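J.: Data file coords_20.pdb (PDB, C-alpha atoms) is appended below.
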```pdb
ATOM      1  CA  GLN A   1     -37.091  21.648-126.026
ATOM      2  CA  VAL A   2     -38.774  18.327-126.712
ATOM      3  CA  CYS A   3     -41.959  16.870-128.106
ATOM      4  CA  ILE A   4     -44.311  16.352-125.185
ATOM      5  CA  GLU A   5     -45.747  13.205-126.772
ATOM      6  CA  CYS A   6     -42.626  11.156-127.514
ATOM      7  CA  GLY A   7     -39.829  13.146-125.869
ATOM      8  CA  SER A   8     -37.845  13.635-129.073
ATOM      9  CA  PRO A   9     -35.868  16.911-129.377
ATOM     10  CA  VAL A  10     -37.406  19.606-131.570
ATOM     11  CA  SER A  11     -35.900  22.802-132.920
ATOM     12  CA  SER A  12     -38.878  24.955-131.879
ATOM     13  CA  LEU A  13     -42.360  24.601-130.466
ATOM     14  CA  TYR A  14     -44.095  26.992-132.836
ATOM     15  CA  THR A  15     -43.569  29.519-135.598
ATOM     16  CA  GLU A  16     -44.869  33.049-135.062
ATOM     17  CA  TYR A  17     -46.297  34.809-138.106
ATOM     18  CA  GLY A  18     -47.507  37.945-136.364
ATOM     19  CA  ALA A  19     -48.972  39.272-133.161
ATOM     20  CA  GLY A  20     -51.168  36.478-131.782
ATOM     21  CA  HIS A  21     -50.738  34.244-134.838
ATOM     22  CA  ILE A  22     -48.655  31.110-134.398
ATOM     23  CA  ARG A  23     -48.349  27.707-136.032
ATOM     24  CA  LEU A  24     -47.493  24.738-133.835
ATOM     25  CA  THR A  25     -44.474  22.687-134.848
ATOM     26  CA  GLN A  26     -45.065  19.083-135.858
ATOM     27  CA  CYS A  27     -42.700  16.484-134.407
ATOM     28  CA  ASP A  28     -40.731  14.621-137.077
ATOM     29  CA  ALA A  29     -40.681  11.447-134.984
ATOM     30  CA  CYS A  30     -44.343  10.956-133.982
ATOM     31  CA  LYS A  31     -46.016  13.471-136.337
ATOM     32  CA  CYS A  32     -47.919  15.039-133.412
ATOM     33  CA  PHE A  33     -47.789  18.664-132.394
ATOM     34  CA  ALA A  34     -44.601  19.213-130.428
ATOM     35  CA  ASP A  35     -46.344  21.078-127.596
ATOM     36  CA  LYS A  36     -50.098  21.593-127.789
ATOM     37  CA  TYR A  37     -50.115  23.255-124.365
ATOM     38  CA  VAL A  38     -48.655  26.391-125.909
ATOM     39  CA  GLU A  39     -52.233  27.238-126.915
ATOM     40  CA  HIS A  40     -53.978  25.860-123.812
ATOM     41  CA  ASP A  41     -54.951  27.900-120.776
ATOM     42  CA  VAL A  42     -54.152  27.235-117.137
ATOM     43  CA  VAL A  43     -57.437  25.410-116.448
ATOM     44  CA  ILE A  44     -56.716  22.752-119.083
ATOM     45  CA  LYS A  45     -53.190  22.319-117.757
ATOM     46  CA  PHE A  46     -54.454  21.921-114.194
ATOM     47  CA  ILE A  47     -57.013  19.297-115.243
ATOM     48  CA  ASP A  48     -54.336  17.325-117.103
ATOM     49  CA  MET A  49     -52.088  17.548-114.048
ATOM     50  CA  LEU A  50     -54.919  16.042-112.003
ATOM     51  CA  LEU A  51     -55.061  13.270-114.615
ATOM     52  CA  HIS A  52     -51.272  12.764-114.213
ATOM     53  CA  LYS A  53     -50.543  13.207-117.904
ATOM     54  CA  PRO A  54     -46.765  13.272-118.444
ATOM     55  CA  GLN A  55     -47.224  15.566-121.451
ATOM     56  CA  VAL A  56     -48.220  18.523-119.299
ATOM     57  CA  TYR A  57     -45.196  17.967-117.055
ATOM     58  CA  ARG A  58     -42.906  17.918-120.103
ATOM     59  CA  HIS A  59     -44.467  21.211-121.152
ATOM     60  CA  LEU A  60     -43.889  22.798-117.743
ATOM     61  CA  LEU A  61     -40.571  21.285-116.656
ATOM     62  CA  VAL A  62     -38.764  20.908-119.981
ATOM     63  CA  ASN A  63     -40.204  23.340-122.506
ATOM     64  CA  LYS A  64     -40.873  26.389-120.313
ATOM     65  CA  LEU A  65     -37.487  28.093-120.186
ATOM     66  CA  GLU A  66     -38.412  30.295-117.213
ATOM     67  CA  PHE A  67     -38.762  27.133-115.097
ATOM     68  CA  ARG A  68     -35.242  25.953-116.001
ATOM     69  CA  GLN A  69     -33.275  28.870-114.595
ATOM     70  CA  PRO A  70     -30.508  28.575-111.940
ATOM     71  CA  THR A  71     -32.948  30.006-109.375
ATOM     72  CA  ILE A  72     -36.608  29.395-108.661
ATOM     73  CA  GLU A  73     -38.939  31.542-110.755
ATOM     74  CA  ARG A  74     -40.670  34.197-108.632
ATOM     75  CA  ASN A  75     -44.258  33.005-109.134
ATOM     76  CA  ILE A  76     -43.226  29.412-108.437
ATOM     77  CA  GLY A  77     -41.552  30.616-105.244
ATOM     78  CA  LYS A  78     -44.781  32.311-104.183
ATOM     79  CA  LEU A  79     -46.681  29.103-104.904
ATOM     80  CA  GLY A  80     -44.165  27.188-102.790
ATOM     81  CA  ILE A  81     -44.754  29.523 -99.844
ATOM     82  CA  LEU A  82     -48.505  29.130-100.300
ATOM     83  CA  LEU A  83     -48.189  25.330-100.268
ATOM     84  CA  VAL A  84     -46.178  25.481 -97.033
ATOM     85  CA  LEU A  85     -49.005  27.512 -95.481
ATOM     86  CA  PHE A  86     -51.538  24.955 -96.689
ATOM     87  CA  ASN A  87     -49.391  22.236 -95.150
ATOM     88  CA  VAL A  88     -49.540  24.084 -91.818
ATOM     89  CA  TYR A  89     -53.315  23.741 -91.861
ATOM     90  CA  ILE A  90     -53.118  20.026 -92.716
ATOM     91  CA  ASP A  91     -50.584  19.322 -89.941
ATOM     92  CA  TRP A  92     -52.656  21.304 -87.462
ATOM     93  CA  PHE A  93     -55.754  19.337 -88.484
ATOM     94  CA  ARG A  94     -53.889  16.072 -87.911
ATOM     95  CA  LEU A  95     -52.603  17.153 -84.515
ATOM     96  CA  GLU A  96     -56.055  18.190 -83.346
ATOM     97  CA  GLU A  97     -57.656  15.022 -84.721
ATOM     98  CA  GLY A  98     -54.995  12.844 -83.114
ATOM     99  CA  GLY A  99     -55.413  14.637 -79.789
ATOM    100  CA  ARG A 100     -59.180  14.223 -79.971
ATOM    101  CA  LEU A 101     -58.873  10.477 -80.592
ATOM    102  CA  ARG A 102     -56.469  10.123 -77.636
ATOM    103  CA  GLY A 103     -58.595  12.316 -75.408
ATOM    104  CA  GLN A 104     -55.820  14.919 -75.109
ATOM    105  CA  ARG A 105     -56.002  18.665 -75.614
ATOM    106  CA  GLU A 106     -52.279  19.333 -75.779
ATOM    107  CA  LEU A 107     -50.992  19.928 -79.287
ATOM    108  CA  LEU A 108     -47.238  20.277 -79.029
ATOM    109  CA  PHE A 109     -44.539  19.124 -76.632
ATOM    110  CA  GLY A 110     -47.070  17.838 -74.099
ATOM    111  CA  ARG A 111     -48.433  21.293 -73.267
ATOM    112  CA  GLN A 112     -51.018  23.756 -74.496
ATOM    113  CA  LEU A 113     -49.026  26.540 -76.141
ATOM    114  CA  PRO A 114     -50.420  29.950 -77.129
ATOM    115  CA  PHE A 115     -51.985  30.167 -80.575
ATOM    116  CA  ALA A 116     -49.131  32.211 -82.084
ATOM    117  CA  ALA A 117     -46.492  29.828 -80.689
ATOM    118  CA  GLN A 118     -48.352  26.789 -82.037
ATOM    119  CA  TYR A 119     -48.657  28.357 -85.486
ATOM    120  CA  LEU A 120     -44.994  29.369 -85.654
ATOM    121  CA  CYS A 121     -43.855  25.917 -84.519
ATOM    122  CA  ILE A 122     -45.955  24.101 -87.100
ATOM    123  CA  LEU A 123     -44.899  26.618 -89.764
ATOM    124  CA  ALA A 124     -41.236  25.979 -88.957
ATOM    125  CA  PHE A 125     -41.756  22.206 -89.126
ATOM    126  CA  SER A 126     -43.554  22.535 -92.479
ATOM    127  CA  ALA A 127     -40.709  24.629 -93.925
ATOM    128  CA  VAL A 128     -38.121  22.120 -92.667
ATOM    129  CA  ASP A 129     -40.147  19.259 -94.172
ATOM    130  CA  ALA A 130     -40.240  20.982 -97.570
ATOM    131  CA  GLY A 131     -36.488  21.562 -97.529
ATOM    132  CA  ALA A 132     -35.805  18.001 -96.365
ATOM    133  CA  GLN A 133     -37.875  16.557 -99.196
ATOM    134  CA  LEU A 134     -35.877  18.548-101.750
ATOM    135  CA  VAL A 135     -32.620  17.332-100.201
ATOM    136  CA  GLY A 136     -33.973  13.767-100.284
ATOM    137  CA  ILE A 137     -34.669  14.003-104.025
ATOM    138  CA  LEU A 138     -31.181  15.430-104.616
ATOM    139  CA  LEU A 139     -29.560  12.639-102.583
ATOM    140  CA  ALA A 140     -31.491   9.905-104.384
ATOM    141  CA  SER A 141     -30.652  11.402-107.790
ATOM    142  CA  THR A 142     -26.981  11.780-106.869
ATOM    143  CA  ILE A 143     -26.787   8.158-105.708
ATOM    144  CA  HIS A 144     -28.532   6.878-108.833
ATOM    145  CA  GLN A 145     -26.431   8.891-111.283
ATOM    146  CA  ARG A 146     -23.239   8.605-109.205
ATOM    147  CA  SER A 147     -22.619  12.257-109.874
ATOM    148  CA  TRP A 148     -23.166  15.620-108.206
ATOM    149  CA  ARG A 149     -24.706  17.055-111.381
ATOM    150  CA  PRO A 150     -28.287  16.872-110.011
ATOM    151  CA  ALA A 151     -27.256  19.313-107.274
ATOM    152  CA  GLY A 152     -26.760  21.952-109.961
ATOM    153  CA  ARG A 153     -30.403  21.484-110.992
ATOM    154  CA  TRP A 154     -31.800  22.084-107.524
ATOM    155  CA  ALA A 155     -34.005  24.947-108.712
ATOM    156  CA  THR A 156     -35.575  22.838-111.467
ATOM    157  CA  ILE A 157     -36.120  19.943-109.043
ATOM    158  CA  ALA A 158     -37.654  22.320-106.496
ATOM    159  CA  THR A 159     -39.930  23.676-109.237
ATOM    160  CA  ALA A 160     -41.003  20.121-110.098
ATOM    161  CA  LEU A 161     -41.824  19.390-106.444
ATOM    162  CA  ILE A 162     -43.792  22.609-106.056
ATOM    163  CA  ILE A 163     -45.779  22.178-109.272
ATOM    164  CA  SER A 164     -46.564  18.527-108.547
ATOM    165  CA  SER A 165     -47.761  19.400-105.020
ATOM    166  CA  PHE A 166     -50.817  21.148-106.449
ATOM    167  CA  GLY A 167     -52.986  18.709-104.485
ATOM    168  CA  LYS A 168     -52.331  20.752-101.353
ATOM    169  CA  VAL A 169     -54.500  23.478-102.868
ATOM    170  CA  LEU A 170     -57.448  21.139-102.327
ATOM    171  CA  THR A 171     -56.922  21.826 -98.616
ATOM    172  CA  LEU A 172     -59.393  24.659 -99.216
ATOM    173  CA  LEU A 173     -62.103  21.991 -99.314
ATOM    174  CA  LEU A 174     -61.419  21.314 -95.633
ATOM    175  CA  VAL A 175     -62.355  24.916 -94.898
ATOM    176  CA  ILE A 176     -65.265  25.328 -97.311
ATOM    177  CA  TRP A 177     -67.127  22.105 -96.516
ATOM    178  CA  GLU A 178     -65.682  21.437 -93.046
ATOM    179  CA  TYR A 179     -64.515  17.888 -93.647
ATOM    180  CA  ASN A 180     -63.903  16.112 -90.351
ATOM    181  CA  GLU A 181     -62.817  12.740 -91.715
ATOM    182  CA  ALA A 182     -59.268  11.924 -90.667
ATOM    183  CA  TYR A 183     -58.560  10.120 -93.933
ATOM    184  CA  TYR A 184     -59.007  13.194 -96.131
ATOM    185  CA  PRO A 185     -55.467  14.586 -95.563
ATOM    186  CA  TRP A 186     -54.083  11.130 -96.351
ATOM    187  CA  LEU A 187     -55.900  11.177 -99.685
ATOM    188  CA  LEU A 188     -54.159  14.473-100.438
ATOM    189  CA  ASP A 189     -50.829  12.842 -99.554
ATOM    190  CA  ALA A 190     -51.574   9.962-101.938
ATOM    191  CA  LEU A 191     -52.400  12.435-104.716
ATOM    192  CA  GLN A 192     -49.188  14.330-104.009
ATOM    193  CA  PHE A 193     -47.128  11.116-104.093
ATOM    194  CA  THR A 194     -48.445  10.003-107.477
ATOM    195  CA  SER A 195     -48.130  13.468-109.024
ATOM    196  CA  GLN A 196     -44.585  13.913-107.705
ATOM    197  CA  SER A 197     -43.652  10.491-109.080
ATOM    198  CA  THR A 198     -44.930  11.571-112.498
ATOM    199  CA  ALA A 199     -42.967  14.830-112.318
ATOM    200  CA  VAL A 200     -39.732  13.093-111.287
ATOM    201  CA  SER A 201     -40.200  10.508-114.035
ATOM    202  CA  VAL A 202     -40.498  13.265-116.646
ATOM    203  CA  LEU A 203     -37.743  15.455-115.236
ATOM    204  CA  PHE A 204     -35.111  12.714-115.116
ATOM    205  CA  ASP A 205     -36.550  10.708-118.035
ATOM    206  CA  VAL A 206     -36.731   7.511-116.000
ATOM    207  CA  HIS A 207     -39.274   4.753-115.460
ATOM    208  CA  ALA A 208     -42.221   5.560-113.207
ATOM    209  CA  LEU A 209     -41.206   2.772-110.787
ATOM    210  CA  TRP A 210     -37.780   4.308-110.177
ATOM    211  CA  ALA A 211     -39.375   7.730-109.839
ATOM    212  CA  GLY A 212     -41.740   6.323-107.211
ATOM    213  CA  LEU A 213     -38.792   4.897-105.276
ATOM    214  CA  VAL A 214     -37.096   8.305-105.370
ATOM    215  CA  VAL A 215     -40.206   9.950-103.934
ATOM    216  CA  VAL A 216     -40.473   7.250-101.245
ATOM    217  CA  PHE A 217     -36.807   7.811-100.329
ATOM    218  CA  SER A 218     -37.356  11.568-100.105
ATOM    219  CA  ALA A 219     -40.460  11.055 -97.946
ATOM    220  CA  ALA A 220     -38.523   8.753 -95.601
ATOM    221  CA  PHE A 221     -35.681  11.263 -95.396
ATOM    222  CA  LYS A 222     -38.195  14.031 -94.682
ATOM    223  CA  GLN A 223     -39.729  12.029 -91.823
ATOM    224  CA  LEU A 224     -36.292  11.282 -90.391
ATOM    225  CA  VAL A 225     -35.402  14.967 -90.376
ATOM    226  CA  HIS A 226     -38.841  15.842 -88.999
ATOM    227  CA  PHE A 227     -38.493  13.518 -86.005
ATOM    228  CA  ALA A 228     -34.927  14.689 -85.394
ATOM    229  CA  VAL A 229     -35.994  18.342 -85.351
ATOM    230  CA  LEU A 230     -39.057  17.529 -83.228
ATOM    231  CA  GLY A 231     -36.906  15.644 -80.732
ATOM    232  CA  ALA A 232     -34.397  18.486 -80.545
ATOM    233  CA  ALA A 233     -37.165  21.050 -80.050
ATOM    234  CA  SER A 234     -38.797  18.923 -77.348
ATOM    235  CA  ALA A 235     -35.491  18.671 -75.493
ATOM    236  CA  VAL A 236     -34.994  22.432 -75.620
ATOM    237  CA  LEU A 237     -38.557  23.369 -74.674
TER     238      LEU A 237
END
```
How does this structure look as structure tokens?

T.:
Amino acid sequence: QVCIECGSPVSSLYTEYGAGHIRLTQCDACKCFADKYVEHDVVIKFIDMLLHKPQVYRHLLVNKLEFRQPTIERNIGKLGILLVLFNVYIDWFRLEEGGRLRGQRELLFGRQLPFAAQYLCILAFSAVDAGAQLVGILLASTIHQRSWRPAGRWATIATALIISSFGKVLTLLLVIWEYNEAYYPWLLDALQFTSQSTAVSVLFDVHALWAGLVVVFSAAFKQLVHFAVLGAASAVL
């Protein structure tokens, strides 16, 4: 456990004096509370994540022990599945918008597939993309550290990617207000890139520039895998 303000190790985050009565620990290095988010609710944490504050990522990725287990915590896993489903909607929106601009009605593989087949195909691509991005982060971390130790932290890295992809939840705005602008999904991608860079910077305790390069590498690897899978599926179908 560390101080979320300066990153210095602390023995504890708070002292409990009774049911519902705690006293936050003060960091010896910076004299700030070690982790103020212990007393904050989810809304405050979400707002600070939108503001890209590294303190909230230190609270979630370093100080919350349930997020540092060898496997992905159950609720985080559910959130990951939900984000994949949101990504299906975004990809479908892009395909339809691209087809409209080109004057084409076909969505996949040059033909108009049934609704269920289209959904399952895009769902499979979204799941592959999520896995490829995780592998890309692991590869970049392994190359940088010249060690396979990051592979043992795959669950923590996956948790960081899922938590920092909260911007995909804003996909609901596409449904509620029926946004038709093609640039809106790209704004969500930009938000996801910056938030993931912040999360990687906190998780590996590196400069934000290097963290951004790691995220760019993972995005490039994801696109490479995406096109390879798409090409293989086109050849089969």

J.: Expressed in Å to a single decimal, how great is the separation between CA of Val10 (chain A) and CA of Thr194 (chain A)?

T.: 28.2 Å

J.: Using the chain letters and numbers from the file, give me the residues hit by the PyMOL selection byres ((chain A and resi 73) around 12), as a list in words.

T.: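 Answer for the PyMOL selection byres ((chain A and resi 73) around 12): Leu61, Lys64, Leu65, Glu66, Phe67, Arg68, Gln69, Pro70, Thr71, Ile72, Arg74, Asn75, Ile76, Gly77, Lys78, Leu79, Gly80, Ala155, Thr156, Ala158, Thr159, Ala160, Ile162 and Ile163 of chain A.
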
J.: Find the spatial neighbours of Gly167 (chain A), counting only C-alpha atoms, within a cut-off of 10 Å - ignore same-chain residues fewer than 6 positions away - and output them as a ChimeraX atom specification.

T.: /A:49-50,83,187-193,195

J.: For CA of Val225 (chain A) and CA of Arg149 (chain A), quote the distance in Å rounded to one decimal.

T.: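 Spanning CA of Val225 (chain A) to CA of Arg149 (chain A) is a straight-line distance of 23.7 Å.
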
J.: For the atom pair CA of His40 (chain A) and CA of Leu134 (chain A), what is the interatomic distance in Å to one decimal place?

T.: 29.5 Å
